[in-house]
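What follows is one structure encoded as structure tokens, with my remarks underneath.
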Amino acid sequence: MSLAAPQSDAEPVARLPFTPEVEARTTAIYERVKHVIPPFDWPGFAPEIDAINRLKRERNAIVLAHNYQTPEIYHGVADIVGDSLALARMAAETDAAVIVQAGVHFMAETSKLTNPEKTVLMPDMAAGCSLAASITGADVRALRAAYPSVPVVTYVNTSAEVKAESDICCTSGNAIQIVESLGVDRVICLPDEYLADYVAQRTSVKIIKWRGRCEVHERFSGDDIRQYRGAIDKLVVVAHPECPPDVIDASDFAGSTAEMIAYVKAKRPERVLLLTECSMSDNIAAETPGVEFMRPCGLCPHMKRITLPKIRRALETMQPEVTIDPRIAVRARAAVDRMLAVR
Ligand code: 13P
Ligand code: SF4
């Protein structure tokens, strides 16, 4: 393994005061989120946001936040928000000295791989992922032995150790493009079996898959969609490719989280059902007044480990820092760089 066993970091207990100065400095931010954060919650969030934004300037730090982070993080302290592909690209391009990853552990590892000389802070080391936990480097070596000379395309939702055994990485936003870029008739696509199904249905390349699943997206079903459509008029259904195939088939559109957001912003449907992690509806709702979001709650417990007080503490203490064994990092970085080179 590239890292010690994850330990959850408890929330700092000291509550910061909501002074008139803090209120004045955070008013513009509250205007952006007032539709999704009730006024009685703001005095708890505003002092943390204010302190984090000051610490970022002092440390020359940026916060990279995934689309599944809660609105107070996404709209309050994030410098860059996006899907896994955008975060990987932006991590590779930033000039900041310190990156705080508001997301899960594999995302912080990806940022460290593309920025070996920078400090990458992970506010809670226990923020894992069921897909990343579904496979080890030894599993990939066994697959390679079973399918010699078949290239391995690995979803970024994996540990650095698994990436190191892979030929190239992909995200949900570029998986088809990456598979086709290899110019072969067969690839191993791991670890998400549903993302592999999604790719297999959209390419002539034969896909060998693994049995990993996202614990959030695997719970949605085609029956859920039919029930929603039966009960709600003019409903547009948008799903993530980590959902089971019957969900994708019953949806109007499927794509990465960034593609889902772009679709909603472009189409402005009257009512939309986003089949993905629940904070994403809150984050886009703050930017798309007039669109009504149905909210079947698919909460990712790993994403929810990241909170404002933990981000503040990470910037105060410059801990916990993500480190990767250099022997693993050099091979894992090659797989990420190969992906980033495909445009
Ligand atoms: P994307 O944001 O790349 O679509 O990934 C979704 C996800 O589940 C990340 O954990
Ligand atoms: Fe992993 Fe699913 Fe959570 Fe994303 S939503 S971090 S894929 S468990």
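Chain labels run A, B, ... following the order of the structure tokens; each chain numbers its residues from 1, and ligands are numbered from 1 in the order shown.
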Quick one: which region 115-200 of chain A residues come within 12 Å of region 259-265 of chain A, and what is the nearest atom pair for each with the distance in Å to one decimal, counting only C-alpha atoms, rows ordered by chain and ascending number, as JSON lines?
```
{"residue": "A:Thr171", "atom": "CA", "partner": "A:Glu259", "partner_atom": "CA", "distance": 11.9}
{"residue": "A:Ser172", "atom": "CA", "partner": "A:Glu259", "partner_atom": "CA", "distance": 9.6}
{"residue": "A:Gly173", "atom": "CA", "partner": "A:Glu259", "partner_atom": "CA", "distance": 7.4}
{"residue": "A:Asn174", "atom": "CA", "partner": "A:Glu259", "partner_atom": "CA", "distance": 10.7}
```
Requested write-out: N, CA and C atoms of the selected residues, as a compact mmCIF listing (two decimals), in the first residue's frame:
```txt
# COMPACT_ATOMS: atom_id res chain seq x y z
N THR A 171 -11.54 8.71 -16.55
CA THR A 171 -12.60 9.16 -15.63
C THR A 171 -13.93 8.85 -16.32
N SER A 172 -15.02 9.15 -15.63
CA SER A 172 -16.32 8.91 -16.28
C SER A 172 -16.51 9.87 -17.45
N GLY A 173 -15.77 11.00 -17.45
CA GLY A 173 -15.91 11.99 -18.51
C GLY A 173 -15.15 11.65 -19.78
N ASN A 174 -14.18 10.74 -19.70
CA ASN A 174 -13.38 10.46 -20.91
C ASN A 174 -13.18 8.97 -21.16
```
Using only C-alpha atoms, which protein or nucleic acid residues come within 6 Å of Cys170 (chain A)? Drop anything in the same chain fewer than 2 positions from it, and give the result as number ranges by chain. A: 154-156, 175
Would you write out those residues with C-alpha atoms, as a tab-separated table (two decimals), in the first residue's frame?
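again_11.tsv, written as the output of this step:
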```tsv
chain	number	residue	atom	x	y	z
A	154	THR	CA	-8.13	2.12	-14.73
A	155	TYR	CA	-10.79	4.49	-13.44
A	156	VAL	CA	-9.25	7.28	-11.35
A	175	ALA	CA	-13.63	6.64	-20.52
```
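Once only C-alpha atoms and all ligand atoms are used for the distance check, the residues close to ligand 2 at 6 Å turn out to be Val104, Cys129, Ser130, Leu131, Cys214, Glu215, Val216, Cys300 and His302 of chain A.
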Selection file, N, CA and C atoms, as a compact mmCIF listing (two decimals), in the first residue's frame:
```
# COMPACT_ATOMS: atom_id res chain seq x y z
N VAL A 104 -12.38 12.95 -1.95
CA VAL A 104 -11.99 11.71 -1.28
C VAL A 104 -10.52 11.39 -1.54
N CYS A 129 -13.52 5.30 -0.71
CA CYS A 129 -14.43 5.13 -1.86
C CYS A 129 -14.62 3.63 -2.04
N SER A 130 -15.88 3.20 -2.23
CA SER A 130 -16.12 1.75 -2.36
C SER A 130 -15.48 1.19 -3.63
N LEU A 131 -15.34 2.02 -4.66
CA LEU A 131 -14.68 1.54 -5.88
C LEU A 131 -13.19 1.35 -5.63
N CYS A 214 -19.92 1.54 -7.16
CA CYS A 214 -20.07 2.71 -6.28
C CYS A 214 -21.26 2.44 -5.36
N GLU A 215 -21.02 2.56 -4.07
CA GLU A 215 -22.10 2.24 -3.10
C GLU A 215 -23.25 3.24 -3.16
N VAL A 216 -23.03 4.41 -3.76
CA VAL A 216 -24.11 5.39 -3.90
C VAL A 216 -24.93 5.09 -5.16
N CYS A 300 -22.99 10.16 -0.21
CA CYS A 300 -21.70 9.43 -0.13
C CYS A 300 -21.08 9.73 1.24
N HIS A 302 -18.32 9.01 2.41
CA HIS A 302 -16.90 9.37 2.33
C HIS A 302 -16.74 10.86 2.00
```
List all protein, DNA and RNA residues that have an atom no more than 7 Å from any atom of ligand 1, counting only C-alpha atoms and all ligand atoms, and report them as a ChimeraX atom specification. /A:66-67,82-85,157,171-173,240,256-258
Please list as number ranges by chain every residue within 8 Å of region 86-98 of chain A, counting only C-alpha atoms and excluding residues in the same chain fewer than 6 positions away. A: 59-62, 64-66, 80, 107, 110-111, 114-115, 118-121, 340
Residues at most 10 Å from Pro309 (chain A), counting only C-alpha atoms, excluding those fewer than 2 positions away in the same chain, as a ChimeraX atom specification? /A:10-16,45,47-49,51-52,123,306-307,311-315
Would you mind exporting N, CA, C and O atoms of the selected residues as a PDB file, in the first residue's frame?
```pdb
ATOM      1  N   ALA A  10     -11.298  13.556  13.771  1.00  0.00           N
ATOM      2  CA  ALA A  10     -12.472  14.131  14.427  1.00  0.00           C
ATOM      3  C   ALA A  10     -12.542  15.626  14.126  1.00  0.00           C
ATOM      4  O   ALA A  10     -11.533  16.272  13.852  1.00  0.00           O
ATOM      5  N   GLU A  11     -13.753  16.142  14.190  1.00  0.00           N
ATOM      6  CA  GLU A  11     -13.982  17.564  13.941  1.00  0.00           C
ATOM      7  C   GLU A  11     -13.396  18.393  15.075  1.00  0.00           C
ATOM      8  O   GLU A  11     -13.582  18.054  16.244  1.00  0.00           O
ATOM      9  N   PRO A  12     -12.726  19.524  14.780  1.00  0.00           N
ATOM     10  CA  PRO A  12     -12.306  20.412  15.870  1.00  0.00           C
ATOM     11  C   PRO A  12     -13.530  20.909  16.645  1.00  0.00           C
ATOM     12  O   PRO A  12     -14.562  21.184  16.049  1.00  0.00           O
ATOM     13  N   VAL A  13     -13.421  21.012  17.973  1.00  0.00           N
ATOM     14  CA  VAL A  13     -14.599  21.348  18.777  1.00  0.00           C
ATOM     15  C   VAL A  13     -14.829  22.857  18.922  1.00  0.00           C
ATOM     16  O   VAL A  13     -15.956  23.307  19.003  1.00  0.00           O
ATOM     17  N   ALA A  14     -13.729  23.643  18.930  1.00  0.00           N
ATOM     18  CA  ALA A  14     -13.896  25.086  19.183  1.00  0.00           C
ATOM     19  C   ALA A  14     -14.692  25.737  18.061  1.00  0.00           C
ATOM     20  O   ALA A  14     -14.353  25.611  16.897  1.00  0.00           O
ATOM     21  N   ARG A  15     -15.758  26.441  18.438  1.00  0.00           N
ATOM     22  CA  ARG A  15     -16.609  27.111  17.455  1.00  0.00           C
ATOM     23  C   ARG A  15     -16.139  28.553  17.321  1.00  0.00           C
ATOM     24  O   ARG A  15     -15.914  29.246  18.319  1.00  0.00           O
ATOM     25  N   LEU A  16     -15.981  29.036  16.097  1.00  0.00           N
ATOM     26  CA  LEU A  16     -15.518  30.414  15.886  1.00  0.00           C
ATOM     27  C   LEU A  16     -16.702  31.375  15.992  1.00  0.00           C
ATOM     28  O   LEU A  16     -17.823  31.033  15.599  1.00  0.00           O
ATOM     29  N   PHE A  45     -21.416  28.446   9.696  1.00  0.00           N
ATOM     30  CA  PHE A  45     -20.528  28.276   8.533  1.00  0.00           C
ATOM     31  C   PHE A  45     -19.643  29.501   8.273  1.00  0.00           C
ATOM     32  O   PHE A  45     -18.467  29.374   7.913  1.00  0.00           O
ATOM     33  N   PRO A  47     -18.007  31.960   9.957  1.00  0.00           N
ATOM     34  CA  PRO A  47     -16.674  32.179  10.539  1.00  0.00           C
ATOM     35  C   PRO A  47     -15.640  31.174  10.024  1.00  0.00           C
ATOM     36  O   PRO A  47     -14.464  31.513   9.867  1.00  0.00           O
ATOM     37  N   GLU A  48     -16.082  29.934   9.754  1.00  0.00           N
ATOM     38  CA  GLU A  48     -15.158  28.932   9.205  1.00  0.00           C
ATOM     39  C   GLU A  48     -14.729  29.331   7.789  1.00  0.00           C
ATOM     40  O   GLU A  48     -13.546  29.257   7.436  1.00  0.00           O
ATOM     41  N   ILE A  49     -15.695  29.768   6.989  1.00  0.00           N
ATOM     42  CA  ILE A  49     -15.386  30.176   5.604  1.00  0.00           C
ATOM     43  C   ILE A  49     -14.416  31.349   5.620  1.00  0.00           C
ATOM     44  O   ILE A  49     -13.422  31.382   4.887  1.00  0.00           O
ATOM     45  N   ALA A  51     -12.303  32.218   7.999  1.00  0.00           N
ATOM     46  CA  ALA A  51     -10.967  31.800   8.481  1.00  0.00           C
ATOM     47  C   ALA A  51     -10.231  31.021   7.386  1.00  0.00           C
ATOM     48  O   ALA A  51      -9.028  31.213   7.171  1.00  0.00           O
ATOM     49  N   ILE A  52     -10.942  30.144   6.687  1.00  0.00           N
ATOM     50  CA  ILE A  52     -10.291  29.341   5.631  1.00  0.00           C
ATOM     51  C   ILE A  52      -9.804  30.247   4.499  1.00  0.00           C
ATOM     52  O   ILE A  52      -8.679  30.099   4.006  1.00  0.00           O
ATOM     53  N   PRO A 123      -8.208  16.719   4.334  1.00  0.00           N
ATOM     54  CA  PRO A 123      -8.779  17.063   5.650  1.00  0.00           C
ATOM     55  C   PRO A 123      -9.221  15.869   6.482  1.00  0.00           C
ATOM     56  O   PRO A 123      -9.250  15.961   7.706  1.00  0.00           O
ATOM     57  N   ILE A 306     -15.671  15.317   4.767  1.00  0.00           N
ATOM     58  CA  ILE A 306     -14.974  16.605   4.639  1.00  0.00           C
ATOM     59  C   ILE A 306     -15.920  17.720   5.101  1.00  0.00           C
ATOM     60  O   ILE A 306     -17.041  17.846   4.611  1.00  0.00           O
ATOM     61  N   THR A 307     -15.434  18.500   6.059  1.00  0.00           N
ATOM     62  CA  THR A 307     -16.240  19.591   6.617  1.00  0.00           C
ATOM     63  C   THR A 307     -15.393  20.861   6.670  1.00  0.00           C
ATOM     64  O   THR A 307     -14.154  20.795   6.587  1.00  0.00           O
ATOM     65  N   ILE A 311     -11.237  21.326   7.113  1.00  0.00           N
ATOM     66  CA  ILE A 311     -10.422  22.058   6.126  1.00  0.00           C
ATOM     67  C   ILE A 311      -9.614  23.142   6.842  1.00  0.00           C
ATOM     68  O   ILE A 311      -8.422  23.328   6.593  1.00  0.00           O
ATOM     69  N   ARG A 312     -10.274  23.844   7.769  1.00  0.00           N
ATOM     70  CA  ARG A 312      -9.556  24.901   8.519  1.00  0.00           C
ATOM     71  C   ARG A 312      -8.385  24.301   9.290  1.00  0.00           C
ATOM     72  O   ARG A 312      -7.257  24.800   9.232  1.00  0.00           O
ATOM     73  N   ARG A 313      -8.659  23.188   9.982  1.00  0.00           N
ATOM     74  CA  ARG A 313      -7.576  22.600  10.780  1.00  0.00           C
ATOM     75  C   ARG A 313      -6.419  22.137   9.893  1.00  0.00           C
ATOM     76  O   ARG A 313      -5.245  22.279  10.244  1.00  0.00           O
ATOM     77  N   ALA A 314      -6.746  21.584   8.718  1.00  0.00           N
ATOM     78  CA  ALA A 314      -5.675  21.139   7.816  1.00  0.00           C
ATOM     79  C   ALA A 314      -4.784  22.321   7.437  1.00  0.00           C
ATOM     80  O   ALA A 314      -3.547  22.204   7.406  1.00  0.00           O
ATOM     81  N   LEU A 315      -5.405  23.474   7.176  1.00  0.00           N
ATOM     82  CA  LEU A 315      -4.608  24.645   6.789  1.00  0.00           C
ATOM     83  C   LEU A 315      -3.843  25.227   7.974  1.00  0.00           C
ATOM     84  O   LEU A 315      -2.758  25.782   7.816  1.00  0.00           O
TER      85      LEU A 315
END
```
Name the residues in contact with Cys243 (chain A) at a cut-off of 10 Å, using only C-alpha atoms, excluding same-chain residues fewer than 6 positions from it; report them as a compact mmCIF listing (two decimals) with all heavy atoms, in the first residue's frame.
```
# COMPACT_ATOMS: atom_id res chain seq x y z
N ASP A 192 -14.91 -0.37 -11.97
CA ASP A 192 -16.37 -0.20 -11.87
C ASP A 192 -17.08 -1.02 -12.95
O ASP A 192 -17.00 -0.69 -14.14
CB ASP A 192 -16.72 1.29 -12.02
CG ASP A 192 -18.20 1.56 -11.80
OD1 ASP A 192 -18.96 0.59 -11.66
OD2 ASP A 192 -18.57 2.74 -11.78
N GLU A 193 -17.82 -2.03 -12.53
CA GLU A 193 -18.48 -2.88 -13.52
C GLU A 193 -19.54 -2.12 -14.32
O GLU A 193 -19.74 -2.40 -15.50
CB GLU A 193 -19.06 -4.14 -12.85
CG GLU A 193 -20.46 -4.07 -12.36
CD GLU A 193 -21.01 -5.44 -11.93
OE1 GLU A 193 -20.68 -5.88 -10.82
OE2 GLU A 193 -21.78 -6.04 -12.69
N TYR A 194 -20.19 -1.13 -13.70
CA TYR A 194 -21.24 -0.41 -14.43
C TYR A 194 -20.64 0.60 -15.40
O TYR A 194 -21.18 0.81 -16.49
CB TYR A 194 -22.21 0.27 -13.46
CG TYR A 194 -23.05 -0.71 -12.67
CD1 TYR A 194 -23.43 -0.44 -11.37
CD2 TYR A 194 -23.46 -1.92 -13.24
CE1 TYR A 194 -24.21 -1.35 -10.65
CE2 TYR A 194 -24.23 -2.83 -12.52
CZ TYR A 194 -24.61 -2.54 -11.23
OH TYR A 194 -25.37 -3.43 -10.51
N LEU A 195 -19.54 1.24 -15.01
CA LEU A 195 -18.89 2.14 -15.97
C LEU A 195 -18.38 1.30 -17.15
O LEU A 195 -18.47 1.73 -18.31
CB LEU A 195 -17.73 2.89 -15.31
CG LEU A 195 -17.00 3.86 -16.25
CD1 LEU A 195 -17.89 5.03 -16.67
CD2 LEU A 195 -15.72 4.41 -15.60
N ASP A 197 -19.78 -1.43 -18.30
CA ASP A 197 -20.97 -1.72 -19.13
C ASP A 197 -21.32 -0.51 -20.00
O ASP A 197 -21.66 -0.64 -21.18
CB ASP A 197 -22.18 -2.04 -18.24
CG ASP A 197 -22.07 -3.40 -17.57
OD1 ASP A 197 -21.36 -4.28 -18.09
OD2 ASP A 197 -22.69 -3.57 -16.49
N TYR A 198 -21.25 0.66 -19.38
CA TYR A 198 -21.59 1.91 -20.08
C TYR A 198 -20.66 2.10 -21.29
O TYR A 198 -21.10 2.42 -22.40
CB TYR A 198 -21.44 3.06 -19.09
CG TYR A 198 -21.57 4.45 -19.64
CD1 TYR A 198 -22.83 5.02 -19.84
CD2 TYR A 198 -20.44 5.20 -19.94
CE1 TYR A 198 -22.95 6.31 -20.34
CE2 TYR A 198 -20.55 6.49 -20.43
CZ TYR A 198 -21.80 7.04 -20.64
OH TYR A 198 -21.91 8.31 -21.13
N ARG A 213 -18.22 -1.59 -7.46
CA ARG A 213 -19.41 -0.74 -7.64
C ARG A 213 -19.33 0.46 -6.71
O ARG A 213 -18.80 0.35 -5.61
CB ARG A 213 -20.68 -1.52 -7.29
CG ARG A 213 -21.01 -2.58 -8.28
CD ARG A 213 -22.27 -3.26 -7.89
NE ARG A 213 -22.57 -4.38 -8.76
CZ ARG A 213 -23.65 -5.14 -8.63
NH1 ARG A 213 -24.51 -4.90 -7.65
NH2 ARG A 213 -23.86 -6.12 -9.46
N CYS A 214 -19.92 1.54 -7.16
CA CYS A 214 -20.07 2.71 -6.28
C CYS A 214 -21.26 2.44 -5.36
O CYS A 214 -22.37 2.18 -5.84
CB CYS A 214 -20.30 3.96 -7.11
SG CYS A 214 -20.96 5.29 -6.10
N GLU A 215 -21.02 2.56 -4.07
CA GLU A 215 -22.10 2.24 -3.10
C GLU A 215 -23.25 3.24 -3.16
O GLU A 215 -24.33 2.96 -2.64
CB GLU A 215 -21.52 2.20 -1.69
CG GLU A 215 -21.05 3.54 -1.16
CD GLU A 215 -20.26 3.42 0.15
OE1 GLU A 215 -19.07 3.02 0.07
OE2 GLU A 215 -20.82 3.71 1.21
N VAL A 216 -23.03 4.41 -3.76
CA VAL A 216 -24.11 5.39 -3.90
C VAL A 216 -24.93 5.09 -5.16
O VAL A 216 -26.15 4.95 -5.10
CB VAL A 216 -23.52 6.82 -4.00
CG1 VAL A 216 -24.61 7.85 -4.26
CG2 VAL A 216 -22.74 7.16 -2.73
N HIS A 217 -24.26 4.95 -6.30
CA HIS A 217 -24.98 4.83 -7.57
C HIS A 217 -25.60 3.45 -7.79
O HIS A 217 -26.58 3.32 -8.53
CB HIS A 217 -24.05 5.18 -8.73
CG HIS A 217 -23.64 6.63 -8.73
ND1 HIS A 217 -22.49 7.08 -8.12
CD2 HIS A 217 -24.27 7.72 -9.22
CE1 HIS A 217 -22.42 8.39 -8.26
NE2 HIS A 217 -23.48 8.81 -8.92
N GLU A 218 -25.05 2.41 -7.17
CA GLU A 218 -25.60 1.07 -7.42
C GLU A 218 -27.01 0.93 -6.85
O GLU A 218 -27.75 0.02 -7.21
CB GLU A 218 -24.68 -0.02 -6.85
CG GLU A 218 -24.68 -0.10 -5.34
CD GLU A 218 -23.94 -1.33 -4.81
OE1 GLU A 218 -23.65 -2.26 -5.59
OE2 GLU A 218 -23.64 -1.35 -3.60
N ARG A 219 -27.40 1.84 -5.94
CA ARG A 219 -28.71 1.71 -5.28
C ARG A 219 -29.87 2.20 -6.15
O ARG A 219 -31.01 1.90 -5.88
CB ARG A 219 -28.73 2.50 -3.98
CG ARG A 219 -27.86 1.86 -2.94
CD ARG A 219 -28.21 2.37 -1.55
NE ARG A 219 -27.03 2.21 -0.71
CZ ARG A 219 -26.40 3.19 -0.10
NH1 ARG A 219 -26.86 4.42 -0.20
NH2 ARG A 219 -25.35 2.94 0.63
N PHE A 220 -29.59 3.00 -7.17
CA PHE A 220 -30.69 3.48 -8.02
C PHE A 220 -31.15 2.35 -8.93
O PHE A 220 -30.36 1.47 -9.29
CB PHE A 220 -30.23 4.68 -8.86
CG PHE A 220 -29.80 5.87 -8.04
CD1 PHE A 220 -28.51 6.38 -8.14
CD2 PHE A 220 -30.69 6.48 -7.16
CE1 PHE A 220 -28.11 7.48 -7.38
CE2 PHE A 220 -30.29 7.58 -6.39
CZ PHE A 220 -29.00 8.07 -6.51
N SER A 221 -32.44 2.40 -9.33
CA SER A 221 -32.94 1.35 -10.23
C SER A 221 -33.85 1.96 -11.29
O SER A 221 -34.39 3.06 -11.12
CB SER A 221 -33.73 0.30 -9.44
OG SER A 221 -34.98 0.83 -9.08
N GLY A 222 -34.02 1.20 -12.39
CA GLY A 222 -34.93 1.64 -13.45
C GLY A 222 -36.35 1.79 -12.92
O GLY A 222 -37.09 2.67 -13.37
N ALA A 254 -26.91 10.63 -19.74
CA ALA A 254 -25.94 10.12 -18.77
C ALA A 254 -24.59 10.76 -19.04
O ALA A 254 -24.21 10.97 -20.20
CB ALA A 254 -25.84 8.60 -18.85
N LEU A 275 -29.62 11.50 -10.75
CA LEU A 275 -29.32 10.23 -10.08
C LEU A 275 -27.82 10.18 -9.80
O LEU A 275 -27.03 9.65 -10.59
CB LEU A 275 -29.80 9.07 -10.94
CG LEU A 275 -31.33 9.07 -11.07
CD1 LEU A 275 -31.79 8.03 -12.06
CD2 LEU A 275 -32.00 8.85 -9.72
N THR A 276 -27.48 10.78 -8.68
CA THR A 276 -26.08 10.86 -8.26
C THR A 276 -26.06 11.30 -6.80
O THR A 276 -27.10 11.31 -6.14
CB THR A 276 -25.30 11.81 -9.20
OG1 THR A 276 -23.91 11.62 -9.02
CG2 THR A 276 -25.66 13.28 -8.99
```
Give me every strand (DSSP E) residue in region 99-277 of chain A, going by DSSP on the backbone, as a VMD selection string. chain A and resid 99 to 102 119 to 121 152 to 155 168 to 170 186 to 190 206 to 209 235 to 239 253 to 254 271 to 275
Val237 (chain A): which residues within 12 Å, counting only C-alpha atoms, same-chain residues fewer than 3 positions away excluded, as an MDAnalysis selection string? chainID A and resid 222 224:229 232:234 240 247:255 260 263:264 267 269:276 293:296
Mind dumping the selected residues with C-alpha atoms as a short mmCIF file (atom, residue, chain, number, x, y, z; two decimals), in the first residue's frame?
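Wrote it out as out_16.cif, contents follow:
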```
data_model
loop_
_atom_site.label_atom_id
_atom_site.label_comp_id
_atom_site.auth_asym_id
_atom_site.auth_seq_id
_atom_site.Cartn_x
_atom_site.Cartn_y
_atom_site.Cartn_z
CA GLY A 222 -34.93 1.64 -13.45
CA ASP A 224 -37.29 4.19 -9.29
CA ILE A 225 -37.21 6.20 -12.51
CA ARG A 226 -40.49 4.74 -13.77
CA GLN A 227 -42.17 5.57 -10.45
CA TYR A 228 -40.87 9.13 -10.51
CA ARG A 229 -41.94 9.59 -14.13
CA ILE A 232 -44.14 13.81 -11.79
CA ASP A 233 -45.05 15.52 -15.02
CA LYS A 234 -42.35 16.64 -17.51
CA HIS A 240 -24.15 9.12 -13.74
CA VAL A 247 -30.95 3.22 -14.91
CA ILE A 248 -28.88 4.60 -17.78
CA ASP A 249 -31.34 3.11 -20.30
CA ALA A 250 -34.32 4.72 -18.56
CA SER A 251 -32.64 8.17 -18.30
CA ASP A 252 -32.71 11.09 -20.72
CA PHE A 253 -28.98 11.72 -20.40
CA ALA A 254 -25.94 10.12 -18.77
CA GLY A 255 -22.53 11.65 -18.16
CA MET A 260 -24.66 16.36 -15.88
CA TYR A 263 -26.76 19.42 -19.41
CA VAL A 264 -29.00 20.94 -16.72
CA LYS A 267 -31.53 22.58 -21.07
CA PRO A 269 -35.69 21.67 -17.52
CA GLU A 270 -38.70 22.53 -15.40
CA ARG A 271 -38.10 19.49 -13.19
CA VAL A 272 -35.02 17.33 -13.04
CA LEU A 273 -34.05 14.17 -11.22
CA LEU A 274 -30.29 13.83 -10.78
CA LEU A 275 -29.32 10.23 -10.08
CA THR A 276 -26.08 10.86 -8.26
CA PHE A 293 -34.73 19.41 -8.33
CA MET A 294 -36.16 16.09 -7.17
CA ARG A 295 -33.83 14.86 -4.46
CA PRO A 296 -33.65 11.13 -4.00
#
```
Please indicate the distance in Å from CA of Leu299 (chain A) to CA of Cys169 (chain A), rounded to one decimal place. 25.6 Å
Skip region 136-146 of chain A itself and residues of its chain fewer than 6 positions away, then list as a ChimeraX atom specification all residues within 12 Å of it, counting only C-alpha atoms. /A:1-2,152-154,158-167,187-191,208-212,328,331-332
